[in-house]
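Undergrad: Hey, dropping start.txt in here, compact mmCIF, C-alpha atoms:
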# COMPACT_ATOMS: atom_id res chain seq x y z
CA MET I 1 0.00 0.00 0.00
CA TYR I 2 2.78 2.44 0.91
CA PHE I 3 4.37 1.95 -2.53
CA TYR I 4 1.32 3.50 -4.23
CA PHE I 5 1.18 6.40 -1.78
CA LYS I 6 4.91 6.98 -2.26
CA ARG I 7 4.59 6.94 -6.04
CA PHE I 8 1.74 9.47 -5.92
CA ALA I 9 3.68 11.70 -3.50
CA ASP I 10 6.81 11.46 -5.66
CA PHE I 11 4.94 12.42 -8.83
CA PHE I 12 3.05 15.29 -7.20
CA ALA I 13 6.14 16.73 -5.47
CA ALA I 14 8.30 16.35 -8.60
CA ALA I 15 5.68 18.11 -10.73
CA VAL I 16 5.41 21.02 -8.30
CA LEU I 17 9.18 21.33 -7.89
CA THR I 18 9.74 21.19 -11.65
CA VAL I 19 7.50 24.24 -12.05
CA LEU I 20 8.90 26.13 -9.04
CA LEU I 21 12.54 25.40 -9.86
CA SER I 22 12.29 25.87 -13.62
CA PRO I 23 13.91 29.36 -13.47
CA ILE I 24 16.92 27.89 -11.63
CA MET I 25 17.16 25.02 -14.12
CA LEU I 26 16.96 27.50 -17.02
CA VAL I 27 19.79 29.60 -15.59
CA ALA I 28 21.85 26.46 -14.91
CA SER I 29 21.29 25.26 -18.48
CA VAL I 30 22.46 28.56 -19.94
CA ALA I 31 25.51 28.67 -17.64
CA VAL I 32 26.60 25.11 -18.48
CA LYS I 33 26.22 25.74 -22.21
CA ALA I 34 27.92 29.14 -22.12
CA GLU I 35 30.98 27.93 -20.22
CA ASP I 36 32.40 25.57 -22.84
CA GLY I 37 29.70 25.00 -25.44
CA GLY I 38 29.27 21.33 -24.54
CA PRO I 39 26.00 19.48 -23.90
CA ILE I 40 23.84 20.73 -21.03
CA LEU I 41 22.92 17.34 -19.61
CA PHE I 42 25.00 14.40 -18.49
CA LYS I 43 23.17 11.21 -19.40
CA GLN I 44 24.10 7.74 -18.25
CA VAL I 45 22.35 4.37 -18.29
CA ARG I 46 21.72 2.95 -14.82
CA PRO I 47 19.78 -0.09 -13.53
CA GLY I 48 16.59 0.69 -11.63
CA LYS I 49 13.88 -1.38 -10.02
CA ASN I 50 14.10 -5.05 -11.01
CA CYS I 51 17.39 -4.16 -12.75
CA ARG I 52 15.52 -2.43 -15.59
CA LEU I 53 17.89 -0.05 -17.39
CA PHE I 54 16.98 3.62 -17.71
CA THR I 55 18.77 6.88 -18.52
CA VAL I 56 19.52 9.12 -15.56
CA TYR I 57 19.78 12.87 -16.10
CA LYS I 58 22.04 15.43 -14.41
CA PHE I 59 23.43 18.81 -15.36
CA ARG I 60 26.90 18.27 -16.82
CA THR I 61 29.59 19.31 -14.34
CA MET I 62 32.74 18.20 -16.15
CA SER I 63 34.46 19.32 -19.32
CA VAL I 64 33.98 17.19 -22.41
CA LYS I 65 37.79 17.17 -22.74
CA THR I 66 39.34 14.05 -21.25
CA GLN I 67 43.01 14.72 -22.11
CA ASP I 68 45.37 17.69 -21.93
CA SER I 69 47.49 18.97 -24.83
CA ASN I 70 50.12 16.29 -24.12
CA GLY I 71 47.63 13.44 -24.25
CA ARG I 72 47.58 12.93 -20.47
CA GLU I 73 44.28 11.70 -19.05
CA LEU I 74 42.68 14.41 -16.93
CA THR I 75 41.38 13.56 -13.47
CA ASP I 76 37.74 14.15 -12.60
CA MET I 77 38.78 17.08 -10.41
CA GLU I 78 40.71 18.64 -13.30
CA ARG I 79 37.74 18.15 -15.62
CA THR I 80 35.23 19.72 -13.23
CA THR I 81 34.26 23.13 -14.58
CA LYS I 82 33.74 26.26 -12.48
CA VAL I 83 30.01 26.17 -13.13
CA GLY I 84 30.00 22.43 -12.51
CA GLY I 85 31.73 22.84 -9.16
CA PHE I 86 29.06 25.30 -8.06
CA LEU I 87 26.25 23.06 -9.29
CA ARG I 88 27.67 20.12 -7.32
CA LYS I 89 28.16 22.10 -4.12
CA THR I 90 24.56 23.32 -4.23
CA SER I 91 23.16 19.99 -5.55
CA ILE I 92 21.57 21.88 -8.45
CA ASP I 93 23.14 19.34 -10.81
CA GLU I 94 20.66 16.76 -9.47
CA LEU I 95 17.54 18.75 -10.48
CA PRO I 96 17.08 17.10 -13.92
CA GLN I 97 16.39 13.86 -12.03
CA LEU I 98 12.97 15.35 -11.29
CA PHE I 99 12.13 14.20 -14.82
CA ASN I 100 13.32 10.68 -13.92
CA ILE I 101 10.88 10.76 -11.00
CA LEU I 102 8.03 11.99 -13.21
CA LYS I 103 8.75 9.16 -15.65
CA GLY I 104 8.64 6.61 -12.83
CA ASP I 105 12.29 5.57 -13.17
CA MET I 106 13.28 6.98 -9.78
CA SER I 107 11.97 8.13 -6.41
CA PHE I 108 13.15 10.95 -4.18
CA ILE I 109 14.30 8.36 -1.64
CA GLY I 110 15.88 4.98 -2.37
CA PRO I 111 19.24 3.29 -3.05
CA ARG I 112 21.33 5.33 -5.47
CA PRO I 113 21.38 3.81 -8.99
CA LEU I 114 24.88 2.54 -9.74
CA LEU I 115 26.62 1.39 -12.91
CA PRO I 116 25.23 -1.44 -15.10
CA GLU I 117 28.65 -3.11 -15.08
CA TYR I 118 28.17 -3.89 -11.38
CA LEU I 119 25.10 -6.07 -11.97
CA GLY I 120 27.12 -9.24 -12.40
CA LEU I 121 29.21 -8.53 -9.30
CA TYR I 122 26.52 -8.32 -6.63
CA SER I 123 25.81 -11.14 -4.23
CA PRO I 124 22.14 -12.27 -4.22
CA GLU I 125 21.64 -10.24 -1.02
CA GLN I 126 23.27 -7.10 -2.45
CA ASN I 127 21.19 -7.40 -5.60
CA ARG I 128 18.07 -6.94 -3.46
CA ARG I 129 18.78 -3.20 -3.61
CA HIS I 130 16.94 -3.35 -6.94
CA GLU I 131 13.67 -4.44 -5.32
CA VAL I 132 12.66 -0.79 -4.94
CA LEU I 133 12.95 2.31 -7.12
CA PRO I 134 16.37 3.99 -6.91
CA GLY I 135 16.45 7.43 -5.32
CA ILE I 136 18.13 10.81 -5.49
CA SER I 137 19.12 10.27 -1.86
CA GLY I 138 19.10 7.19 0.35
CA LEU I 139 19.96 5.74 3.71
CA ALA I 140 23.61 5.24 2.77
CA GLN I 141 23.88 8.83 1.49
CA VAL I 142 22.85 10.32 4.85
CA ASN I 143 25.02 7.95 6.89
CA GLY I 144 28.48 8.63 5.58
CA ARG I 145 28.24 8.22 1.83
CA ASN I 146 31.83 8.27 0.51
CA ALA I 147 33.29 7.48 3.93
CA LEU I 148 31.54 4.10 3.74
CA THR I 149 32.90 0.94 2.18
CA TRP I 150 30.90 -0.69 -0.58
CA ASP I 151 29.74 -3.42 1.82
CA GLU I 152 28.54 -0.80 4.29
CA LYS I 153 26.67 1.05 1.54
CA PHE I 154 24.92 -2.14 0.47
CA THR I 155 24.05 -2.98 4.07
CA TYR I 156 22.25 0.37 4.35
CA ASP I 157 20.55 -0.21 0.99
CA ILE I 158 19.17 -3.59 2.06
CA ARG I 159 18.13 -2.19 5.43
CA TYR I 160 16.09 0.40 3.54
CA VAL I 161 14.54 -2.23 1.26
CA ASP I 162 13.45 -4.26 4.30
CA ASN I 163 12.11 -1.32 6.30
CA TYR I 164 11.08 1.49 3.99
CA ASN I 165 8.05 3.42 5.18
CA LEU I 166 6.88 7.00 5.58
CA LYS I 167 8.85 7.56 8.78
CA THR I 168 12.10 6.33 7.20
CA ASP I 169 11.57 8.37 4.04
CA LEU I 170 10.87 11.54 6.00
CA TYR I 171 13.99 10.97 8.12
CA ILE I 172 16.16 10.57 4.99
CA PHE I 173 14.48 13.55 3.29
CA PHE I 174 15.13 15.99 6.13
CA LYS I 175 18.61 14.59 6.82
CA THR I 176 19.41 15.13 3.12
CA ILE I 177 18.31 18.77 3.30
CA ILE I 178 20.52 19.31 6.35
CA ASN I 179 23.50 17.71 4.62
CA VAL I 180 22.96 19.76 1.47
CA LEU I 181 22.83 22.98 3.50
CA LYS I 182 26.03 21.90 5.24
CA ARG I 183 27.45 20.90 1.83
CA ASP I 184 28.26 17.57 3.39
CA GLY I 185 29.08 15.65 0.18
CA ILE I 186 25.51 14.57 -0.52
CA ASN I 187 25.69 14.76 -4.28
CA SER I 188 29.16 13.50 -5.10
CA ASP I 189 28.68 10.72 -7.61
CA GLU I 190 29.96 7.29 -6.58
CA ALA I 191 31.42 6.67 -10.01
CA HIS I 192 33.71 9.68 -9.60
CA THR I 193 34.66 9.64 -5.93
CA MET I 194 35.19 5.98 -5.05
CA GLU I 195 37.06 3.06 -6.49
CA LYS I 196 34.88 0.99 -8.74
CA PHE I 197 33.04 -1.88 -7.12
CA ARG I 198 34.80 -5.12 -8.01
CA GLY I 199 32.67 -7.58 -6.10
CA THR I 200 32.63 -8.60 -2.47
CA GLU I 201 35.46 -10.85 -1.35
CA ILE I 202 34.39 -14.01 0.46
CA LYS I 203 36.66 -14.76 3.39
CA SER I 204 38.23 -18.21 3.46
CA GLU I 205 36.59 -18.87 6.86
CA GLU I 206 33.17 -18.25 5.31
CA VAL I 207 33.93 -20.69 2.48
CA LYS I 208 34.89 -23.42 4.93
CA ASN I 209 31.65 -22.96 6.81
Show me the file's structure as structure tokens.
TA:
Amino acid sequence: MYFYFKRFADFFAAAVLTVLLSPIMLVASVAVKAEDGGPILFKQVRPGKNCRLFTVYKFRTMSVKTQDSNGRELTDMERTTKVGGFLRKTSIDELPQLFNILKGDMSFIGPRPLLPEYLGLYSPEQNRRHEVLPGISGLAQVNGRNALTWDEKFTYDIRYVDNYNLKTDLYIFFKTIINVLKRDGINSDEAHTMEKFRGTEIKSEEVKN
């Protein structure tokens, strides 16, 4: 029952916010385009509920250039534009995901959608993170985010899947707002700030048992 209420609340809130925040999104679009002439949006395929692939939208925060004049690969920090840095700090780069919510691909609250290449690396328990819609923010994001190990992140994701309700969603929602106001790393993308997930190692003791 809560799933249907949550979906209605997500759609209604996303529709209202899209209208209210449209001036900010328009200014952000112009700024991103004016800075280096590249595309406005960053688009990437991610797995959602039941591992169904969808395209996630964000304002582009990095230069389209991946190498310097000597052919050296640029780091993500070097590629981050001035406008992009501001958009990340203020979480404005996440606003296009309102359209993902309207389409039904995402929710405001849920496990963050990760890379498709990870799908074959999850344990059966970790893969349960795909039993619910992915979110803009989630339990792992408000409990340490990039300070967490992959296993800790997945533990929070599964805890959310097993216990998600209105009280939990409201807690995550307000904790997210607090973290954004504190600029506490809420919107740093996992693909750019952590080592790639390479699967969970099984300890030899666990194998023997």
Undergrad: Closest to Asp76 in chain I among I:Ser91, I:Ser63, I:Ser123, I:Asn165, using only C-alpha atoms?
TA: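 Among the listed residues, I:Ser63 lies closest to Asp76 in chain I.
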Undergrad: Around the point (7.6, 7.8, -1.6) in the file's coordinates, collect all residues with an atom within 8 Å, using all atoms listed in the file, and return them as a list in words.
TA: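 I get Tyr2, Phe3, Phe5, Lys6, Arg7, Phe8, Ala9, Asp10, Ser107, Phe108, Ile109, Leu166 and Asp169 of chain I for the residues within 8 Å of that point.
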Undergrad: Write the residues of the preceding selection, restricted to C-alpha atoms, as a PDB file, in the frame of the given file.
TA:
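Once everything was written out, this is selection-v2.pdb:
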ATOM      1  CA  TYR I   2       2.780   2.440   0.910  1.00  0.00           C
ATOM      2  CA  PHE I   3       4.370   1.950  -2.530  1.00  0.00           C
ATOM      3  CA  PHE I   5       1.180   6.400  -1.780  1.00  0.00           C
ATOM      4  CA  LYS I   6       4.910   6.980  -2.260  1.00  0.00           C
ATOM      5  CA  ARG I   7       4.590   6.940  -6.040  1.00  0.00           C
ATOM      6  CA  PHE I   8       1.740   9.470  -5.920  1.00  0.00           C
ATOM      7  CA  ALA I   9       3.680  11.700  -3.500  1.00  0.00           C
ATOM      8  CA  ASP I  10       6.810  11.460  -5.660  1.00  0.00           C
ATOM      9  CA  SER I 107      11.970   8.130  -6.410  1.00  0.00           C
ATOM     10  CA  PHE I 108      13.150  10.950  -4.180  1.00  0.00           C
ATOM     11  CA  ILE I 109      14.300   8.360  -1.640  1.00  0.00           C
ATOM     12  CA  LEU I 166       6.880   7.000   5.580  1.00  0.00           C
ATOM     13  CA  ASP I 169      11.570   8.370   4.040  1.00  0.00           C
TER      14      ASP I 169
END
Undergrad: What is the distance, in Å and to one decimal place, between CA of Met106 in chain I and CA of Arg52 in chain I?
TA: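 Atom-to-atom, CA of Met106 in chain I to CA of Arg52 in chain I, that is 11.3 Å.
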Undergrad: Let me make sure I understand: among I:Leu133, I:Ile177, I:Val83, I:Ala140, which one has the smallest atom-to-atom distance to Lys103 in chain I if we use only C-alpha atoms?
TA: I:Leu133
Undergrad: Go ahead and compute the interatomic distance for CA of Asn100 in chain I and CA of Tyr57 in chain I, in Å to one decimal.
TA: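 According to the coordinates, CA of Asn100 in chain I and CA of Tyr57 in chain I are separated by 7.2 Å.
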Undergrad: Please return, as a short mmCIF file (atom, residue, chain, number, x, y, z; two decimals) with C-alpha atoms, in the frame of the given file, all polymer residues that have at least one atom within 8 Å of the point (11.6, 18.2, -13.1); use only C-alpha atoms and the file's own coordinate frame.
TA:
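The resulting file, out_18.cif, is reproduced below:
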data_model
loop_
_atom_site.label_atom_id
_atom_site.label_comp_id
_atom_site.auth_asym_id
_atom_site.auth_seq_id
_atom_site.Cartn_x
_atom_site.Cartn_y
_atom_site.Cartn_z
CA ALA I 14 8.30 16.35 -8.60
CA ALA I 15 5.68 18.11 -10.73
CA LEU I 17 9.18 21.33 -7.89
CA THR I 18 9.74 21.19 -11.65
CA VAL I 19 7.50 24.24 -12.05
CA LEU I 21 12.54 25.40 -9.86
CA SER I 22 12.29 25.87 -13.62
CA LEU I 95 17.54 18.75 -10.48
CA PRO I 96 17.08 17.10 -13.92
CA GLN I 97 16.39 13.86 -12.03
CA LEU I 98 12.97 15.35 -11.29
CA PHE I 99 12.13 14.20 -14.82
CA ASN I 100 13.32 10.68 -13.92
CA ILE I 101 10.88 10.76 -11.00
CA LEU I 102 8.03 11.99 -13.21
#
